[in-house]
Amino acid sequence: MARQTVFPVTRVHEPLKVEVEVQNGRIVDAWLGGHLFRGFENMLVGRDPKDAALFTQRICGICSGAHAVAAAMAQQQAFGVAPTPTGQQLTNLIFAADIIQNHLRHFYLLVLYDYVKGPDMPPYLPGMQADFRLPPKLNAELLQHAKEGTVMAMRAHEAMAVFGAKAPHQQTIMPTGVTEQASSERLMAYSAILQELAEWVENFFLYDIRVIADYYKDYYSIGGGYGNFMSYGMFPAPVTGERAFKAGLIMKQGLEALDANLITEEIRYSWYTDDQESRIPQEGRTIPDRDKAEAYSWVKAPRYHDMPVESGPLARGFINGGYRRGISVMDRLAARAEETLKICRLTQGWLNEIVPNSPTCQPFTPLDSGSGVGLTDAMRGALGHWLEYRHNKVTHYQIITPTTWNFSPRDSKGMRGPVEQALIGTPVADGANLVEAGRVIRSFDPCFTCAVHLVECPVIQ
């Protein structure tokens, strides 16, 4: 039995170490370690709780809007406030544009080159040794689409900035709405970009996915994993709070309601120390221990009712009935593309509902002390922010991101994380290359800037 290591895995967001055991041409075991160590949960302790929606965005530049939305939701609950109807709609517009740019960037910058051979020139060299299958004409066509796709991702960021002031790390989302005004000129500017995006996604993005799926049909049977899915839902409606993507859970018994009280985080194989191996997020601790025996990741192991679950566009597809073909590598890619078009169409509807120049936010005074939870789905899946503050100072902040769910290490029962499990059974043509493993991993759109938030600071005396 041969054990192979890839570190760092390329074309993912930040350092990922992968170790696999290969036997008879297939992966029989896997360990995924996040090796990026950062500092946002502890950074917020002692700060004004109103800072959360701005500070937590700096966790990641590719999905900053998601952290703003989750933090604002936690603030709303903690402060006892709500966004204005137009403020909620503008928040959804900002968030939608950020998700669209992420999905386009993920496919055209990170995933495409698993299936399409780049030209023999920098930055495509040194190239990956893989079983590229597309005929030259189609290969060249998709390479051209990759250039256009990155431009369209930029256009989505421009749409985000119409109401978010800048991208990434928008500046306008707050607990009671958005500080930018819903002027007719801004609504028209956003609408024009959105129409351009929707047409491109429908005519090119979905087409490119179909082309790759036609030539890599075997990837509809690779990378399945557990088949447990979870979503917090996203895009709440004004006033009612009903989410355009509903929350839910799919386990062995089928679709069921989600109970956030059943969420825990384990640290058995993570580089942290505690007198308990498992805690609920409201009581979570993040105390580093880089020398911990048997640990192999800075990523914790979230579990729902003691079970690992996958989150992301494929989970949302199954829970909302948008995509239910299968649970493979290719299904994740197809579900993400179809979701992108769905979000474009939803956003067009929200634009039509906004009354120009209606109030987009309102003044508020936070309670002296409070706690709140902000749960939303993000680009890669389920994102949760847990906030507690006393006398207007944050006393506890915990974040569980989609990549933490998907790329968790083993738990105390020895159960692999979802991506570790998805790698089991993957055929490997060349044990020294592992291109097939890379395809499985990148189908989840990992982001390790999001997965770890602690930094160890020296004591200054």
# chains A, B, ... in the order shown; residues from 1 in each chain; ligands from 1
$ residues_around --residues "A:Gly384" --least-positions-apart "2" --cutoff "7 Å" --atoms "only C-alpha atoms" --output "list in words"
Ala70, Gly374, Leu375, Thr376, Ala382, Trp386, Ile399, Ile400 and Thr401 of chain A
$ residues_around --residues "A:Pro85" --least-positions-apart "6" --cutoff "8 Å" --atoms "only C-alpha atoms" --output "list in words"
Pro238, Val239 and Thr360 of chain A
$ closest_residue --among "A:Glu256, A:Gln88, A:Val201, A:Ser297" --to "A:Tyr272" --atoms "only C-alpha atoms"
A:Ser297
$ closest_atom_pairs --of "stretch 32-117 of chain A" --to "stretch 185-197 of chain A" --cutoff "10 Å" --atoms "only C-alpha atoms" --output "tab-separated table"
residue	atom	partner	partner_atom	distance
A:Leu90	CA	A:Leu187	CA	9.7
A:Leu93	CA	A:Tyr190	CA	8.7
A:Ile94	CA	A:Tyr190	CA	9.8
A:Ala97	CA	A:Leu194	CA	8.3
A:Ile100	CA	A:Leu197	CA	8.6
A:Gln101	CA	A:Leu197	CA	9.6
$ residues_around --residues "stretch 147-149 of chain A" --least-positions-apart "5" --cutoff "9 Å" --atoms "only C-alpha atoms" --output "ChimeraX atom specification"
/A:104-105,107-109,142,154,200-201,204-205
$ write_last_selection --atoms "N, CA and C atoms" --output "tab-separated table (two decimals), in the first residue's frame"
chain	number	residue	atom	x	y	z
A	104	LEU	N	-18.07	31.94	-10.82
A	104	LEU	CA	-17.37	32.09	-12.09
A	104	LEU	C	-15.86	31.96	-11.90
A	105	ARG	N	-15.35	32.59	-10.87
A	105	ARG	CA	-13.91	32.54	-10.62
A	105	ARG	C	-13.46	31.12	-10.26
A	107	PHE	N	-14.73	28.25	-11.23
A	107	PHE	CA	-14.66	27.38	-12.40
A	107	PHE	C	-13.57	27.78	-13.38
A	108	TYR	N	-13.50	29.07	-13.71
A	108	TYR	CA	-12.62	29.49	-14.79
A	108	TYR	C	-11.17	29.72	-14.36
A	109	LEU	N	-10.91	29.83	-13.07
A	109	LEU	CA	-9.53	29.98	-12.61
A	109	LEU	C	-8.99	28.74	-11.91
A	142	LEU	N	-12.87	26.54	-24.97
A	142	LEU	CA	-13.04	26.71	-23.53
A	142	LEU	C	-11.94	27.56	-22.92
A	154	MET	N	-15.23	39.77	-12.82
A	154	MET	CA	-14.93	41.16	-12.48
A	154	MET	C	-16.19	42.02	-12.59
A	200	TRP	N	-24.56	35.68	-20.11
A	200	TRP	CA	-23.30	34.97	-20.28
A	200	TRP	C	-23.33	33.62	-19.57
A	201	VAL	N	-23.89	33.60	-18.37
A	201	VAL	CA	-23.99	32.34	-17.62
A	201	VAL	C	-24.82	31.33	-18.40
A	204	PHE	N	-22.82	30.50	-21.93
A	204	PHE	CA	-21.44	30.02	-21.93
A	204	PHE	C	-21.10	29.14	-20.73
A	205	PHE	N	-21.39	29.60	-19.52
A	205	PHE	CA	-21.02	28.83	-18.33
A	205	PHE	C	-21.67	27.44	-18.36
$ residues_around --residues "A:Gln282" --least-positions-apart "6" --cutoff "12 Å" --atoms "only C-alpha atoms" --output "PyMOL selection string"
chain A and resi 260-265+371-374+384-389+395-400
$ residues_around --residues "A:Arg324" --least-positions-apart "3" --cutoff "12 Å" --atoms "only C-alpha atoms" --output "PDB file with C-alpha atoms, in the first residue's frame"
ATOM      1  CA  GLY A 227     -24.427  11.927   0.797  1.00  0.00           C
ATOM      2  CA  PHE A 229     -26.299  17.446   3.063  1.00  0.00           C
ATOM      3  CA  ILE A 250     -30.698  15.418   4.157  1.00  0.00           C
ATOM      4  CA  PRO A 313     -24.376  24.314  -4.104  1.00  0.00           C
ATOM      5  CA  LEU A 314     -24.954  20.563  -4.453  1.00  0.00           C
ATOM      6  CA  ALA A 315     -26.471  20.412  -0.951  1.00  0.00           C
ATOM      7  CA  ARG A 316     -28.671  23.419  -1.763  1.00  0.00           C
ATOM      8  CA  GLY A 317     -29.743  21.738  -4.997  1.00  0.00           C
ATOM      9  CA  PHE A 318     -30.888  18.586  -3.235  1.00  0.00           C
ATOM     10  CA  ILE A 319     -32.593  20.455  -0.392  1.00  0.00           C
ATOM     11  CA  ASN A 320     -34.372  22.953  -2.677  1.00  0.00           C
ATOM     12  CA  GLY A 321     -35.108  20.630  -5.583  1.00  0.00           C
ATOM     13  CA  ILE A 327     -23.536  13.422  -5.606  1.00  0.00           C
ATOM     14  CA  SER A 328     -20.326  13.214  -7.633  1.00  0.00           C
ATOM     15  CA  ASP A 331     -22.633  16.912 -10.072  1.00  0.00           C
ATOM     16  CA  ARG A 332     -20.983  19.524  -7.827  1.00  0.00           C
ATOM     17  CA  ALA A 334     -23.080  21.259 -12.637  1.00  0.00           C
ATOM     18  CA  ALA A 335     -25.050  22.231  -9.524  1.00  0.00           C
ATOM     19  CA  GLU A 338     -27.131  25.947 -12.476  1.00  0.00           C
TER      20      GLU A 338
END
$ select_by_dssp --residues "stretch 95-269 of chain A" --states "helix (DSSP H, G or I)" --output "ChimeraX atom specification"
/A:95-114,136-164,184-215,217-220,260-262
$ residues_around --residues "A:Leu367" --least-positions-apart "6" --cutoff "10 Å" --atoms "only C-alpha atoms" --output "JSON, numbers by chain"
{"A": [78, 79, 80, 81, 389, 390, 391, 392]}
$ write_last_selection --atoms "C-alpha atoms" --output "compact mmCIF listing (two decimals), in the first residue's frame"
# COMPACT_ATOMS: atom_id res chain seq x y z
CA ALA A 78 -28.08 40.46 19.57
CA PHE A 79 -29.12 44.11 19.21
CA GLY A 80 -32.83 43.46 18.76
CA VAL A 81 -33.03 45.27 15.40
CA TYR A 389 -20.98 40.72 24.10
CA ARG A 390 -21.20 42.38 27.48
CA HIS A 391 -21.13 46.13 28.19
CA ASN A 392 -20.61 46.82 24.48
$ closest_residue --among "A:Gly87, A:Gly414, A:Gly248, A:Pro135" --to "A:Thr176" --atoms "only C-alpha atoms"
A:Gly87
$ residues_around --residues "stretch 4-10 of chain A" --least-positions-apart "2" --cutoff "12 Å" --atoms "only C-alpha atoms" --output "compact mmCIF listing (two decimals) with C-alpha atoms, in the first residue's frame"
# COMPACT_ATOMS: atom_id res chain seq x y z
CA MET A 1 0.00 0.00 0.00
CA ALA A 2 1.56 3.30 -1.14
CA VAL A 12 -7.23 26.11 -4.05
CA HIS A 13 -7.53 29.05 -1.68
CA GLU A 14 -4.45 28.79 0.55
CA PRO A 15 -2.41 25.83 1.85
CA LEU A 16 -3.92 22.36 1.84
CA LYS A 17 -1.97 19.19 2.54
CA VAL A 18 -3.34 15.91 1.23
CA GLU A 19 -2.14 12.46 2.19
CA VAL A 20 -3.70 9.41 0.57
CA GLU A 21 -3.12 5.69 0.58
CA VAL A 22 -3.41 4.02 -2.82
CA GLN A 23 -4.01 0.31 -3.26
CA ILE A 27 -7.53 5.67 -2.96
CA VAL A 28 -8.38 3.64 0.14
CA ASP A 29 -7.72 6.26 2.83
CA ALA A 30 -7.18 10.02 3.04
CA TRP A 31 -6.13 12.77 5.46
CA LEU A 32 -6.67 16.46 4.64
CA GLY A 33 -4.83 19.09 6.63
CA GLY A 34 -5.42 22.84 6.53
CA HIS A 35 -2.04 24.50 7.18
CA LEU A 36 -3.05 28.17 7.32
CA LEU A 109 -9.53 29.98 -12.61
CA LEU A 110 -9.36 26.94 -10.34
CA VAL A 111 -11.29 24.04 -11.88
CA TYR A 113 -7.46 23.41 -15.92
CA ASP A 114 -8.25 20.03 -14.41
CA GLY A 127 1.55 21.97 -16.89
CA MET A 128 -0.27 19.18 -15.12
CA VAL A 428 -5.65 6.82 -9.65
CA ASP A 430 -0.45 7.47 -11.63
CA GLY A 431 0.21 7.21 -7.90
CA ALA A 432 2.86 9.92 -8.13
CA ASN A 433 0.52 12.40 -9.85
CA LEU A 434 -2.91 12.20 -8.13
CA VAL A 435 -4.67 14.44 -10.65
CA ALA A 437 -7.69 13.45 -6.26
CA GLY A 438 -7.24 17.09 -7.23
CA ARG A 439 -10.43 16.98 -9.28
CA VAL A 440 -12.40 15.65 -6.32
CA ILE A 441 -10.95 18.24 -3.94
CA ARG A 442 -11.46 21.23 -6.20
CA PRO A 446 -12.14 24.90 -0.74
CA CYS A 447 -11.15 28.15 1.00
CA PHE A 448 -8.71 27.78 3.87
$ atom_distance --atom1 "atom CA of A:Ser369" --atom2 "atom CA of A:Cys60"
28.1 Å
$ closest_residue --among "A:Phe235, A:Leu258, A:Gln362, A:His305" --to "A:Ile280" --atoms "only C-alpha atoms"
A:His305
$ closest_residue --among "A:Met379, A:Ala198, A:Ala247, A:Ile287" --to "A:Gln348" --atoms "only C-alpha atoms"
A:Ala198
$ select_by_dssp --residues "stretch 47-287 of chain A" --states "strand (DSSP E or B)" --output "list in words"
Ile173, Met174, Gly177, Val178, Phe229, Met230, Ser231, Met234, Phe235, Pro236, Arg243, Ala244, Phe245, Gly248, Leu249, Ile250, Met251, Gly254, Leu255, Glu256, Ile263, Thr264, Glu265, Glu266, Ser270, Tyr272, Ser278 and Arg279 of chain A
